[in-house]
$ cat target_1.tsv   # TSV, C-alpha atoms and all ligand atoms
chain	number	residue	atom	x	y	z
T	1	MET	CA	95.32	-74.83	90.24
T	2	LYS	CA	98.88	-74.55	88.93
T	3	ALA	CA	101.62	-73.75	91.41
T	4	ILE	CA	105.40	-73.89	91.76
T	5	VAL	CA	106.01	-76.42	94.53
T	6	VAL	CA	109.31	-77.00	96.36
T	7	ARG	CA	109.37	-80.40	98.07
T	8	GLU	CA	112.97	-80.42	99.30
T	9	PRO	CA	115.77	-77.79	99.42
T	10	GLY	CA	118.04	-77.65	96.38
T	11	GLY	CA	118.99	-76.05	93.09
T	12	LEU	CA	116.82	-74.72	90.30
T	13	ASP	CA	115.54	-78.24	89.55
T	14	VAL	CA	113.49	-78.37	92.79
T	15	LEU	CA	111.19	-75.66	91.36
T	16	ARG	CA	108.42	-77.82	89.91
T	17	MET	CA	105.14	-76.84	88.33
T	18	GLU	CA	102.40	-79.00	89.86
T	19	GLU	CA	98.64	-79.25	89.78
T	20	VAL	CA	97.44	-78.81	93.39
T	21	PRO	CA	93.98	-78.40	94.97
T	22	ASP	CA	92.34	-74.96	94.82
T	23	PRO	CA	92.54	-73.42	98.31
T	24	THR	CA	89.32	-73.00	100.33
T	25	PRO	CA	89.22	-69.87	102.51
T	26	GLY	CA	89.04	-70.20	106.30
T	27	PRO	CA	86.95	-67.72	108.35
T	28	ARG	CA	89.44	-64.82	108.13
T	29	ASP	CA	90.98	-65.63	104.74
T	30	VAL	CA	90.85	-63.55	101.60
T	31	LYS	CA	91.20	-65.72	98.49
T	32	ILE	CA	93.20	-63.86	95.87
T	33	GLN	CA	93.60	-64.71	92.20
T	34	VAL	CA	97.27	-63.86	91.77
T	35	ALA	CA	97.94	-61.40	88.92
T	36	ARG	CA	101.59	-60.76	89.74
T	37	CYS	CA	104.11	-62.12	92.23
T	38	GLY	CA	107.47	-60.43	92.73
T	39	VAL	CA	110.64	-62.53	92.83
T	40	CYS	CA	112.66	-61.84	95.98
T	41	PHE	CA	116.07	-63.08	97.14
T	42	HIS	CA	114.15	-64.49	100.11
T	43	GLU	CA	112.79	-67.22	97.81
T	44	VAL	CA	116.28	-68.16	96.62
T	45	VAL	CA	117.45	-68.83	100.19
T	46	THR	CA	114.18	-70.57	101.11
T	47	ARG	CA	114.47	-72.82	98.06
T	48	ASN	CA	118.17	-73.69	98.49
T	49	GLY	CA	117.88	-74.43	102.23
T	50	THR	CA	119.96	-71.52	103.59
T	51	LEU	CA	116.87	-70.19	105.37
T	52	ARG	CA	115.34	-72.70	107.76
T	53	ARG	CA	113.59	-70.62	110.42
T	54	GLY	CA	109.82	-70.78	109.91
T	55	VAL	CA	110.14	-72.91	106.77
T	56	LEU	CA	107.80	-75.88	106.29
T	57	MET	CA	108.17	-78.02	103.15
T	58	PRO	CA	106.60	-78.92	100.81
T	59	LEU	CA	105.78	-75.31	100.06
T	60	ILE	CA	104.62	-72.87	97.41
T	61	LEU	CA	107.02	-69.91	97.24
T	62	GLY	CA	106.17	-66.23	96.89
T	63	HIS	CA	105.17	-63.34	99.13
T	64	GLU	CA	105.05	-60.25	96.85
T	65	ILE	CA	101.48	-60.59	95.69
T	66	ALA	CA	98.85	-58.49	93.96
T	67	GLY	CA	95.63	-59.69	92.42
T	68	THR	CA	91.86	-59.76	92.62
T	69	VAL	CA	89.71	-61.09	95.45
T	70	THR	CA	87.58	-64.06	94.33
T	71	ALA	CA	86.13	-65.19	97.69
T	72	VAL	CA	86.28	-64.28	101.39
T	73	GLY	CA	85.82	-66.20	104.65
T	74	ARG	CA	82.73	-65.59	106.80
T	75	ASP	CA	84.50	-63.23	109.27
T	76	VAL	CA	86.17	-61.01	106.67
T	77	ARG	CA	84.83	-57.44	106.86
T	78	GLU	CA	87.02	-55.21	104.74
T	79	PHE	CA	87.19	-57.02	101.41
T	80	ARG	CA	84.78	-58.45	98.87
T	81	PRO	CA	85.10	-60.33	95.58
T	82	GLY	CA	86.33	-58.08	92.77
T	83	ASP	CA	88.56	-55.89	95.00
T	84	ARG	CA	92.07	-55.24	93.72
T	85	VAL	CA	94.45	-56.04	96.57
T	86	ALA	CA	98.10	-56.37	97.58
T	87	THR	CA	99.51	-58.39	100.47
T	88	ALA	CA	102.05	-57.84	103.22
T	89	GLN	CA	104.65	-60.62	103.51
T	90	ARG	CA	102.60	-62.70	105.91
T	91	SER	CA	99.51	-64.90	105.60
T	92	HIS	CA	98.81	-64.85	109.36
T	93	ILE	CA	99.48	-62.80	112.49
T	94	CYS	CA	97.73	-63.31	115.84
T	95	GLY	CA	96.42	-59.74	116.04
T	96	GLN	CA	96.41	-59.91	119.85
T	97	CYS	CA	99.98	-60.02	121.16
T	98	ARG	CA	101.94	-57.00	122.39
T	99	PHE	CA	103.73	-56.76	119.03
T	100	CYS	CA	100.55	-56.90	116.96
T	101	ARG	CA	99.03	-54.25	119.26
T	102	THR	CA	101.93	-51.81	118.90
T	103	GLY	CA	102.66	-51.69	115.19
T	104	MET	CA	105.28	-54.44	115.40
T	105	GLU	CA	103.25	-57.23	113.80
T	106	THR	CA	106.25	-58.16	111.66
T	107	VAL	CA	107.73	-59.88	114.73
T	108	CYS	CA	104.49	-61.47	116.02
T	109	PRO	CA	105.58	-64.87	117.43
T	110	GLU	CA	102.69	-66.53	115.55
T	111	HIS	CA	103.36	-64.94	112.18
T	112	LYS	CA	103.49	-67.12	109.10
T	113	PHE	CA	105.68	-65.75	106.32
T	114	LEU	CA	103.92	-66.15	102.99
T	115	GLY	CA	105.59	-68.71	100.78
T	116	ASP	CA	107.77	-70.16	103.55
T	117	TYR	CA	105.18	-72.18	105.36
T	118	GLY	CA	103.46	-75.02	103.55
T	119	MET	CA	101.36	-75.04	100.43
T	120	ASN	CA	100.33	-71.38	100.32
T	121	GLY	CA	102.28	-68.78	98.36
T	122	GLY	CA	102.20	-66.43	95.42
T	123	TYR	CA	103.87	-68.60	92.77
T	124	ALA	CA	100.38	-69.98	92.10
T	125	GLU	CA	97.05	-69.10	90.56
T	126	TYR	CA	95.41	-68.54	93.96
T	127	VAL	CA	96.60	-67.76	97.47
T	128	LEU	CA	94.93	-67.36	100.88
T	129	VAL	CA	95.89	-64.42	103.09
T	130	GLU	CA	94.11	-63.38	106.29
T	131	GLU	CA	92.63	-59.90	106.01
T	132	ASP	CA	95.04	-58.37	108.56
T	133	ASN	CA	97.73	-58.73	105.90
T	134	VAL	CA	95.82	-57.45	102.86
T	135	ALA	CA	95.44	-53.88	101.56
T	136	LEU	CA	93.23	-52.35	98.86
T	137	VAL	CA	95.14	-51.10	95.83
T	138	PRO	CA	94.24	-47.45	95.14
T	139	ASP	CA	92.96	-46.40	91.71
T	140	GLY	CA	95.80	-45.52	89.40
T	141	VAL	CA	98.23	-48.02	90.94
T	142	THR	CA	98.89	-50.99	88.66
T	143	LEU	CA	98.96	-54.55	90.01
T	144	ASP	CA	102.56	-54.72	88.75
T	145	ALA	CA	103.50	-51.90	91.11
T	146	ALA	CA	101.23	-53.15	93.90
T	147	SER	CA	102.81	-56.62	93.94
T	148	ILE	CA	106.24	-55.32	94.97
T	149	THR	CA	105.01	-52.53	97.23
T	150	ALA	CA	105.10	-54.40	100.54
T	151	CYS	CA	108.53	-55.95	100.19
T	152	ALA	CA	110.54	-53.62	97.97
T	153	ILE	CA	109.01	-50.30	99.08
T	154	GLY	CA	107.28	-50.89	102.44
T	155	THR	CA	110.35	-52.53	103.98
T	156	GLU	CA	112.41	-49.50	102.96
T	157	LEU	CA	109.75	-47.17	104.39
T	158	ASN	CA	110.06	-49.16	107.62
T	159	ALA	CA	113.88	-48.89	107.48
T	160	ILE	CA	114.06	-45.18	106.62
T	161	ARG	CA	111.06	-43.71	108.46
T	162	GLU	CA	110.51	-45.94	111.51
T	163	VAL	CA	113.78	-47.73	112.26
T	164	GLY	CA	116.42	-45.38	110.80
T	165	ARG	CA	114.47	-42.19	111.68
T	166	VAL	CA	116.03	-40.36	108.74
T	167	GLN	CA	115.64	-36.59	109.09
T	168	PRO	CA	116.02	-33.76	106.56
T	169	GLY	CA	119.73	-33.10	106.09
T	170	ASP	CA	120.89	-36.56	107.21
T	171	ARG	CA	123.57	-38.16	105.10
T	172	VAL	CA	122.33	-41.60	104.04
T	173	LEU	CA	124.22	-44.45	102.39
T	174	VAL	CA	122.20	-47.01	100.39
T	175	THR	CA	123.94	-50.31	99.57
T	176	GLY	CA	122.78	-52.64	96.82
T	177	ALA	CA	121.56	-49.43	95.27
T	178	GLY	CA	120.57	-50.81	91.86
T	179	GLY	CA	118.64	-53.82	93.18
T	180	GLY	CA	114.95	-54.19	93.87
T	181	LEU	CA	115.24	-52.78	97.39
T	182	GLY	CA	117.92	-50.17	96.69
T	183	VAL	CA	116.14	-48.29	93.90
T	184	HIS	CA	113.22	-47.66	96.23
T	185	ALA	CA	115.42	-46.87	99.24
T	186	ILE	CA	117.05	-44.05	97.27
T	187	GLN	CA	113.68	-42.55	96.36
T	188	LEU	CA	112.37	-42.73	99.96
T	189	ALA	CA	115.58	-41.31	101.45
T	190	ARG	CA	115.32	-38.37	99.03
T	191	LEU	CA	111.66	-37.93	100.00
T	192	ALA	CA	112.78	-37.79	103.67
T	193	GLY	CA	115.13	-34.93	102.80
T	194	ALA	CA	118.42	-36.82	103.02
T	195	PHE	CA	121.66	-36.36	101.11
T	196	VAL	CA	121.89	-39.77	99.44
T	197	ILE	CA	125.05	-41.68	98.58
T	198	ALA	CA	124.50	-44.93	96.69
T	199	VAL	CA	126.98	-47.78	96.31
T	200	THR	CA	126.76	-50.47	93.67
T	201	SER	CA	129.16	-53.01	92.21
T	202	SER	CA	127.26	-53.07	88.90
T	203	PRO	CA	128.34	-50.32	86.45
T	204	GLU	CA	125.31	-51.07	84.26
T	205	LYS	CA	123.03	-50.02	87.13
T	206	GLU	CA	124.62	-46.60	87.64
T	207	ALA	CA	122.31	-44.68	85.30
T	208	LEU	CA	119.19	-46.05	87.02
T	209	VAL	CA	120.66	-45.31	90.46
T	210	ARG	CA	121.22	-41.67	89.44
T	211	GLU	CA	117.75	-41.46	87.91
T	212	MET	CA	116.29	-42.60	91.27
T	213	GLY	CA	117.80	-39.51	92.86
T	214	ALA	CA	121.16	-40.45	94.37
T	215	HIS	CA	123.30	-37.33	94.90
T	216	GLU	CA	126.53	-39.35	94.71
T	217	VAL	CA	127.19	-42.82	93.29
T	218	VAL	CA	130.20	-44.92	94.36
T	219	LEU	CA	131.01	-47.82	92.02
T	220	PHE	CA	133.11	-50.51	93.68
T	221	GLU	CA	134.56	-53.93	92.92
T	222	ARG	CA	133.00	-56.83	94.84
T	223	GLY	CA	135.04	-57.35	98.00
T	224	GLU	CA	136.48	-53.81	97.95
T	225	ASP	CA	136.18	-51.65	101.09
T	226	PHE	CA	134.28	-48.62	99.77
T	227	SER	CA	134.17	-46.73	103.09
T	228	ASP	CA	136.92	-44.16	102.31
T	229	ARG	CA	135.16	-43.21	99.09
T	230	VAL	CA	131.79	-42.95	100.86
T	231	LYS	CA	133.37	-40.70	103.51
T	232	ALA	CA	134.83	-38.49	100.78
T	233	ALA	CA	131.45	-38.31	99.05
T	234	SER	CA	129.82	-37.37	102.35
T	235	GLY	CA	132.16	-34.42	102.83
T	236	GLY	CA	134.72	-36.26	104.96
T	237	ASP	CA	133.16	-37.68	108.13
T	238	GLY	CA	130.87	-40.43	106.86
T	239	VAL	CA	127.11	-40.89	106.92
T	240	ASP	CA	124.45	-40.67	109.63
T	241	VAL	CA	122.48	-43.69	108.43
T	242	VAL	CA	123.31	-46.76	106.34
T	243	ILE	CA	120.40	-48.57	104.70
T	244	ASP	CA	122.05	-51.94	103.99
T	245	ASN	CA	120.26	-54.11	101.46
T	246	VAL	CA	123.14	-56.54	100.90
T	247	GLY	CA	124.25	-58.03	104.22
T	248	SER	CA	127.43	-59.81	105.21
T	249	PRO	CA	129.57	-59.06	102.09
T	250	VAL	CA	129.42	-55.31	102.75
T	251	PHE	CA	128.82	-55.26	106.51
T	252	ASN	CA	132.20	-53.96	107.63
T	253	ALA	CA	132.58	-51.47	104.77
T	254	ALA	CA	129.10	-50.16	105.63
T	255	ARG	CA	129.99	-49.90	109.33
T	256	ARG	CA	133.21	-48.00	108.56
T	257	SER	CA	131.22	-45.58	106.39
T	258	LEU	CA	129.33	-44.28	109.44
T	259	ASP	CA	130.10	-41.01	111.22
T	260	GLN	CA	130.10	-40.90	115.04
T	261	GLY	CA	126.67	-41.81	116.46
T	262	GLY	CA	125.52	-43.32	113.15
T	263	ARG	CA	122.84	-45.92	112.63
T	264	LEU	CA	123.30	-49.07	110.55
T	265	VAL	CA	119.93	-50.47	109.46
T	266	LEU	CA	119.92	-54.06	108.20
T	267	VAL	CA	117.23	-54.69	105.60
T	268	GLY	CA	117.95	-57.79	103.54
T	269	GLU	CA	120.35	-59.96	105.53
T	270	LEU	CA	119.92	-63.49	104.25
T	271	THR	CA	123.28	-64.66	102.90
T	272	GLY	CA	123.96	-66.93	105.87
T	273	ASP	CA	127.59	-65.77	106.18
T	274	PHE	CA	129.19	-64.65	109.47
T	275	VAL	CA	131.18	-61.41	109.73
T	276	PRO	CA	134.13	-60.51	111.99
T	277	LEU	CA	133.03	-57.84	114.46
T	278	ASN	CA	134.58	-56.45	117.63
T	279	PRO	CA	131.71	-54.89	119.63
T	280	ALA	CA	134.09	-52.06	120.57
T	281	GLN	CA	133.95	-51.01	116.92
T	282	LEU	CA	130.32	-50.09	117.52
T	283	PHE	CA	130.65	-48.87	121.10
T	284	LEU	CA	133.58	-46.49	120.71
T	285	LYS	CA	131.86	-44.58	117.88
T	286	GLY	CA	128.43	-44.69	119.56
T	287	LEU	CA	126.97	-46.62	116.64
T	288	SER	CA	123.57	-48.34	116.64
T	289	LEU	CA	122.91	-51.62	114.85
T	290	LEU	CA	119.24	-51.89	113.84
T	291	SER	CA	116.97	-54.10	111.73
T	292	ALA	CA	113.93	-53.49	109.57
T	293	LYS	CA	112.23	-56.80	108.96
T	294	SER	CA	109.41	-56.73	106.41
T	295	THR	CA	106.40	-54.43	106.47
T	296	THR	CA	103.33	-53.72	108.56
T	297	ARG	CA	99.99	-53.33	106.82
T	298	LYS	CA	100.08	-49.62	107.69
T	299	GLN	CA	103.46	-49.27	105.96
T	300	LEU	CA	102.04	-51.17	102.96
T	301	GLN	CA	99.03	-48.83	102.81
T	302	ASP	CA	101.25	-45.74	103.14
T	303	SER	CA	103.56	-47.03	100.40
T	304	LEU	CA	100.62	-47.65	98.05
T	305	GLN	CA	99.52	-44.04	98.65
T	306	LEU	CA	103.04	-42.77	97.88
T	307	ILE	CA	102.81	-44.52	94.52
T	308	ALA	CA	99.24	-43.31	93.87
T	309	ARG	CA	100.37	-39.71	94.47
T	310	GLY	CA	103.39	-40.08	92.21
T	311	GLN	CA	105.89	-39.53	95.04
T	312	VAL	CA	107.54	-42.94	94.60
T	313	ARG	CA	107.86	-44.98	91.42
T	314	ALA	CA	107.78	-48.80	91.62
T	315	ILE	CA	110.62	-50.12	89.45
T	316	VAL	CA	109.63	-53.31	87.64
T	317	THR	CA	112.18	-54.59	85.14
T	318	GLU	CA	110.36	-57.47	83.51
T	319	THR	CA	107.43	-59.87	83.88
T	320	LEU	CA	107.87	-63.57	83.11
T	321	PRO	CA	105.27	-66.35	82.95
T	322	LEU	CA	105.22	-68.74	85.92
T	323	THR	CA	106.76	-71.45	83.72
T	324	GLN	CA	110.00	-69.43	83.60
T	325	VAL	CA	110.49	-69.42	87.37
T	326	ALA	CA	113.89	-71.14	87.15
T	327	ALA	CA	115.23	-68.44	84.82
T	328	ALA	CA	113.95	-65.81	87.24
T	329	HIS	CA	115.75	-67.46	90.18
T	330	ARG	CA	118.96	-67.83	88.18
T	331	ARG	CA	119.01	-64.12	87.41
T	332	MET	CA	118.23	-63.30	91.05
T	333	GLU	CA	121.19	-65.46	92.18
T	334	GLN	CA	123.50	-63.69	89.74
T	335	GLY	CA	122.46	-60.28	91.14
T	336	ARG	CA	121.95	-58.98	87.62
T	337	ILE	CA	118.45	-57.55	88.00
T	338	SER	CA	117.90	-53.79	88.26
T	339	GLY	CA	114.65	-53.21	90.11
T	340	ARG	CA	112.21	-56.11	90.47
T	341	LEU	CA	111.32	-59.10	88.33
T	342	LEU	CA	107.71	-60.36	88.40
T	343	LEU	CA	106.00	-63.67	87.70
T	344	ASP	CA	102.60	-63.78	86.02
T	345	PRO	CA	100.62	-66.93	86.96
T	346	THR	CA	97.88	-66.11	84.47
T	347	ARG	CA	100.18	-66.77	81.51
Q	401	ZN	ZN	110.31	-59.95	99.15
Q	402	ZN	ZN	100.77	-61.23	117.32
$ encode --input "target_1.tsv" --output "structure tokens" --more "lines below"
Ligand SMILES: [Zn+2]
Ligand SMILES: [Zn+2]
Amino acid sequence: MKAIVVREPGGLDVLRMEEVPDPTPGPRDVKIQVARCGVCFHEVVTRNGTLRRGVLMPLILGHEIAGTVTAVGRDVREFRPGDRVATAQRSHICGQCRFCRTGMETVCPEHKFLGDYGMNGGYAEYVLVEEDNVALVPDGVTLDAASITACAIGTELNAIREVGRVQPGDRVLVTGAGGGLGVHAIQLARLAGAFVIAVTSSPEKEALVREMGAHEVVLFERGEDFSDRVKAASGGDGVDVVIDNVGSPVFNAARRSLDQGGRLVLVGELTGDFVPLNPAQLFLKGLSLLSAKSTTRKQLQDSLQLIARGQVRAIVTETLPLTQVAAAHRRMEQGRISGRLLLDPTR
């Protein structure tokens, strides 16, 4: 099969199309013919070497996968060839540990992140994913939408519903509001009954951010501390919850945007940069610093149902053939994409 293989960390030139062996499913594997694979900032930092934890090269990138089942291992019960499926971000969890048993499989010590670990990922014609990490795509949900559901919608459902515990009436700040995560965070925060303030440094994304349901939009220059303007937009005191999709560059502005007792939920923190922080800045305001890392299968299934019922809209900007992977990564690095960009390995 054709696949994009990364043999060593580096720039766009390390993304190489290769002919590699077709994968053969193990006992618990579902073999999926990839129809669409979302392009995530995660793959940029895996490819360029910023992310090292859990990474095994050579590797095939890609974890935002939807497609059709073509074969299953002998122990697979829930799926059969022909099923339309989407995957969570992992190819393997143990299924037995205290995390897997309590809805925290995203931090299973055995988990293998799809596309980080060896020659199995979604930038390819086929991928193997154990059935614990696969979900059926409901009728009426396209494979375009399904491919980005786990990462771009399920992670935000995790952040807003489980980790951030957003309640009706909460004031919520969404950073990176026009990006692939942010556009879905706004929709889910609205669905949870929040008053939503969105910040973005991209004026061209403002219209989309408003269309997603943000009550207030704060446009800022990169590097600017937007916290005073967020406080003003909140009515003066700041917000109850920050859903931060950007990381280090906005960390302190996001923290200062919180009202007393607020919760800062980290969602996409992969820039590799340190931030200055005095712990008293959290303690004296009673702030909580929290993380929502990827998506459980339950959150993936719930997110697919939200799309099927028309309560959340998956925002896909464009679909490129697999051969244009370098262009896709370049645009991801430049932060110019509103919503999500997809790769199509069938073209
Ligand atoms: Zn992703
Ligand atoms: Zn486990």
$ closest_residue --input "target_1.tsv" --among "T:His184, T:Lys285, T:Arg330, T:Lys231" --to "Leu306 in chain T" --atoms "only C-alpha atoms"
T:His184
$ residues_around --input "target_1.tsv" --residues "Gln281 in chain T" --least-positions-apart "4" --cutoff "10 Å" --atoms "all atoms listed in the file" --output "PDB file with C-alpha atoms, keeping the file's coordinate frame"
ATOM      1  CA  ASN T 252     132.200 -53.960 107.630  1.00  0.00           C
ATOM      2  CA  ARG T 255     129.990 -49.900 109.330  1.00  0.00           C
ATOM      3  CA  ARG T 256     133.210 -48.000 108.560  1.00  0.00           C
ATOM      4  CA  LEU T 277     133.030 -57.840 114.460  1.00  0.00           C
ATOM      5  CA  LYS T 285     131.860 -44.580 117.880  1.00  0.00           C
ATOM      6  CA  GLY T 286     128.430 -44.690 119.560  1.00  0.00           C
ATOM      7  CA  LEU T 287     126.970 -46.620 116.640  1.00  0.00           C
TER       8      LEU T 287
END
$ closest_atom_pairs --input "target_1.tsv" --of "chain T" --to "ligand ZN 401 (chain Q)" --cutoff "12 Å" --atoms "all atoms listed in the file" --output "Markdown table"
| residue | atom | partner | partner_atom | distance |
| --- | --- | --- | --- | --- |
| T:Cys37 | CA | Q:ZN401 | ZN | 9.5 |
| T:Gly38 | CA | Q:ZN401 | ZN | 7.0 |
| T:Val39 | CA | Q:ZN401 | ZN | 6.8 |
| T:Cys40 | CA | Q:ZN401 | ZN | 4.4 |
| T:Phe41 | CA | Q:ZN401 | ZN | 6.9 |
| T:His42 | CA | Q:ZN401 | ZN | 6.0 |
| T:Glu43 | CA | Q:ZN401 | ZN | 7.8 |
| T:Val44 | CA | Q:ZN401 | ZN | 10.5 |
| T:Val45 | CA | Q:ZN401 | ZN | 11.4 |
| T:Thr46 | CA | Q:ZN401 | ZN | 11.5 |
| T:Leu61 | CA | Q:ZN401 | ZN | 10.7 |
| T:Gly62 | CA | Q:ZN401 | ZN | 7.9 |
| T:His63 | CA | Q:ZN401 | ZN | 6.2 |
| T:Glu64 | CA | Q:ZN401 | ZN | 5.7 |
| T:Ile65 | CA | Q:ZN401 | ZN | 9.5 |
| T:Thr87 | CA | Q:ZN401 | ZN | 11.0 |
| T:Ala88 | CA | Q:ZN401 | ZN | 9.4 |
| T:Gln89 | CA | Q:ZN401 | ZN | 7.2 |
| T:Arg90 | CA | Q:ZN401 | ZN | 10.6 |
| T:Phe113 | CA | Q:ZN401 | ZN | 10.3 |
| T:Leu114 | CA | Q:ZN401 | ZN | 9.7 |
| T:Gly115 | CA | Q:ZN401 | ZN | 10.1 |
| T:Asp116 | CA | Q:ZN401 | ZN | 11.4 |
| T:Gly121 | CA | Q:ZN401 | ZN | 12.0 |
| T:Gly122 | CA | Q:ZN401 | ZN | 11.0 |
| T:Ser147 | CA | Q:ZN401 | ZN | 9.7 |
| T:Ile148 | CA | Q:ZN401 | ZN | 7.4 |
| T:Thr149 | CA | Q:ZN401 | ZN | 9.3 |
| T:Ala150 | CA | Q:ZN401 | ZN | 7.7 |
| T:Cys151 | CA | Q:ZN401 | ZN | 4.5 |
| T:Ala152 | CA | Q:ZN401 | ZN | 6.4 |
| T:Ile153 | CA | Q:ZN401 | ZN | 9.7 |
| T:Gly154 | CA | Q:ZN401 | ZN | 10.1 |
| T:Thr155 | CA | Q:ZN401 | ZN | 8.9 |
| T:Glu156 | CA | Q:ZN401 | ZN | 11.3 |
| T:Gly179 | CA | Q:ZN401 | ZN | 11.9 |
| T:Gly180 | CA | Q:ZN401 | ZN | 9.1 |
| T:Leu181 | CA | Q:ZN401 | ZN | 8.9 |
| T:Asn245 | CA | Q:ZN401 | ZN | 11.8 |
| T:Val267 | CA | Q:ZN401 | ZN | 10.8 |
| T:Gly268 | CA | Q:ZN401 | ZN | 9.1 |
| T:Glu269 | CA | Q:ZN401 | ZN | 11.9 |
| T:Leu270 | CA | Q:ZN401 | ZN | 11.4 |
| T:Lys293 | CA | Q:ZN401 | ZN | 10.5 |
| T:Ser294 | CA | Q:ZN401 | ZN | 8.0 |
| T:Thr295 | CA | Q:ZN401 | ZN | 10.0 |
| T:Met332 | CA | Q:ZN401 | ZN | 11.8 |
| T:Arg340 | CA | Q:ZN401 | ZN | 9.7 |
| T:Leu341 | CA | Q:ZN401 | ZN | 10.9 |
| T:Leu342 | CA | Q:ZN401 | ZN | 11.1 |
$ write_last_selection --input "target_1.tsv" --atoms "C-alpha atoms" --output "PDB file, keeping the file's coordinate frame"
ATOM      1  CA  CYS T  37     104.110 -62.120  92.230  1.00  0.00           C
ATOM      2  CA  GLY T  38     107.470 -60.430  92.730  1.00  0.00           C
ATOM      3  CA  VAL T  39     110.640 -62.530  92.830  1.00  0.00           C
ATOM      4  CA  CYS T  40     112.660 -61.840  95.980  1.00  0.00           C
ATOM      5  CA  PHE T  41     116.070 -63.080  97.140  1.00  0.00           C
ATOM      6  CA  HIS T  42     114.150 -64.490 100.110  1.00  0.00           C
ATOM      7  CA  GLU T  43     112.790 -67.220  97.810  1.00  0.00           C
ATOM      8  CA  VAL T  44     116.280 -68.160  96.620  1.00  0.00           C
ATOM      9  CA  VAL T  45     117.450 -68.830 100.190  1.00  0.00           C
ATOM     10  CA  THR T  46     114.180 -70.570 101.110  1.00  0.00           C
ATOM     11  CA  LEU T  61     107.020 -69.910  97.240  1.00  0.00           C
ATOM     12  CA  GLY T  62     106.170 -66.230  96.890  1.00  0.00           C
ATOM     13  CA  HIS T  63     105.170 -63.340  99.130  1.00  0.00           C
ATOM     14  CA  GLU T  64     105.050 -60.250  96.850  1.00  0.00           C
ATOM     15  CA  ILE T  65     101.480 -60.590  95.690  1.00  0.00           C
ATOM     16  CA  THR T  87      99.510 -58.390 100.470  1.00  0.00           C
ATOM     17  CA  ALA T  88     102.050 -57.840 103.220  1.00  0.00           C
ATOM     18  CA  GLN T  89     104.650 -60.620 103.510  1.00  0.00           C
ATOM     19  CA  ARG T  90     102.600 -62.700 105.910  1.00  0.00           C
ATOM     20  CA  PHE T 113     105.680 -65.750 106.320  1.00  0.00           C
ATOM     21  CA  LEU T 114     103.920 -66.150 102.990  1.00  0.00           C
ATOM     22  CA  GLY T 115     105.590 -68.710 100.780  1.00  0.00           C
ATOM     23  CA  ASP T 116     107.770 -70.160 103.550  1.00  0.00           C
ATOM     24  CA  GLY T 121     102.280 -68.780  98.360  1.00  0.00           C
ATOM     25  CA  GLY T 122     102.200 -66.430  95.420  1.00  0.00           C
ATOM     26  CA  SER T 147     102.810 -56.620  93.940  1.00  0.00           C
ATOM     27  CA  ILE T 148     106.240 -55.320  94.970  1.00  0.00           C
ATOM     28  CA  THR T 149     105.010 -52.530  97.230  1.00  0.00           C
ATOM     29  CA  ALA T 150     105.100 -54.400 100.540  1.00  0.00           C
ATOM     30  CA  CYS T 151     108.530 -55.950 100.190  1.00  0.00           C
ATOM     31  CA  ALA T 152     110.540 -53.620  97.970  1.00  0.00           C
ATOM     32  CA  ILE T 153     109.010 -50.300  99.080  1.00  0.00           C
ATOM     33  CA  GLY T 154     107.280 -50.890 102.440  1.00  0.00           C
ATOM     34  CA  THR T 155     110.350 -52.530 103.980  1.00  0.00           C
ATOM     35  CA  GLU T 156     112.410 -49.500 102.960  1.00  0.00           C
ATOM     36  CA  GLY T 179     118.640 -53.820  93.180  1.00  0.00           C
ATOM     37  CA  GLY T 180     114.950 -54.190  93.870  1.00  0.00           C
ATOM     38  CA  LEU T 181     115.240 -52.780  97.390  1.00  0.00           C
ATOM     39  CA  ASN T 245     120.260 -54.110 101.460  1.00  0.00           C
ATOM     40  CA  VAL T 267     117.230 -54.690 105.600  1.00  0.00           C
ATOM     41  CA  GLY T 268     117.950 -57.790 103.540  1.00  0.00           C
ATOM     42  CA  GLU T 269     120.350 -59.960 105.530  1.00  0.00           C
ATOM     43  CA  LEU T 270     119.920 -63.490 104.250  1.00  0.00           C
ATOM     44  CA  LYS T 293     112.230 -56.800 108.960  1.00  0.00           C
ATOM     45  CA  SER T 294     109.410 -56.730 106.410  1.00  0.00           C
ATOM     46  CA  THR T 295     106.400 -54.430 106.470  1.00  0.00           C
ATOM     47  CA  MET T 332     118.230 -63.300  91.050  1.00  0.00           C
ATOM     48  CA  ARG T 340     112.210 -56.110  90.470  1.00  0.00           C
ATOM     49  CA  LEU T 341     111.320 -59.100  88.330  1.00  0.00           C
ATOM     50  CA  LEU T 342     107.710 -60.360  88.400  1.00  0.00           C
TER      51      LEU T 342
END
$ atom_distance --input "target_1.tsv" --atom1 "CA of Asp132 in chain T" --atom2 "CA of Gln305 in chain T"
18.0 Å
$ residues_near_ligand --input "target_1.tsv" --ligand "ligand ZN 402 (chain Q)" --cutoff "6 Å" --atoms "only C-alpha atoms and all ligand atoms" --output "MDAnalysis selection string"
chainID T and resid 93:97 99:100 105 108 110
$ residues_around --input "target_1.tsv" --residues "Ala35 in chain T" --least-positions-apart "4" --cutoff "9 Å" --atoms "only C-alpha atoms" --output "number ranges by chain"
T: 65-68, 125, 143-144, 147, 343-346
$ residues_around --input "target_1.tsv" --residues "Leu15 in chain T" --least-positions-apart "2" --cutoff "12 Å" --atoms "all atoms listed in the file" --output "JSON, numbers by chain"
{"T": [3, 4, 5, 6, 7, 8, 9, 10, 11, 12, 13, 17, 18, 43, 44, 46, 47, 48, 58, 59, 60, 61, 123, 322, 323, 324, 325, 326, 327, 328, 329, 330]}
$ residues_near_point --input "target_1.tsv" --point "(126.4, -53.1, 85.5)" --cutoff "12 Å" --atoms "all atoms listed in the file" --output "JSON, numbers by chain"
{"T": [176, 177, 178, 179, 200, 201, 202, 203, 204, 205, 206, 207, 208, 209, 219, 220, 221, 334, 335, 336, 337, 338]}
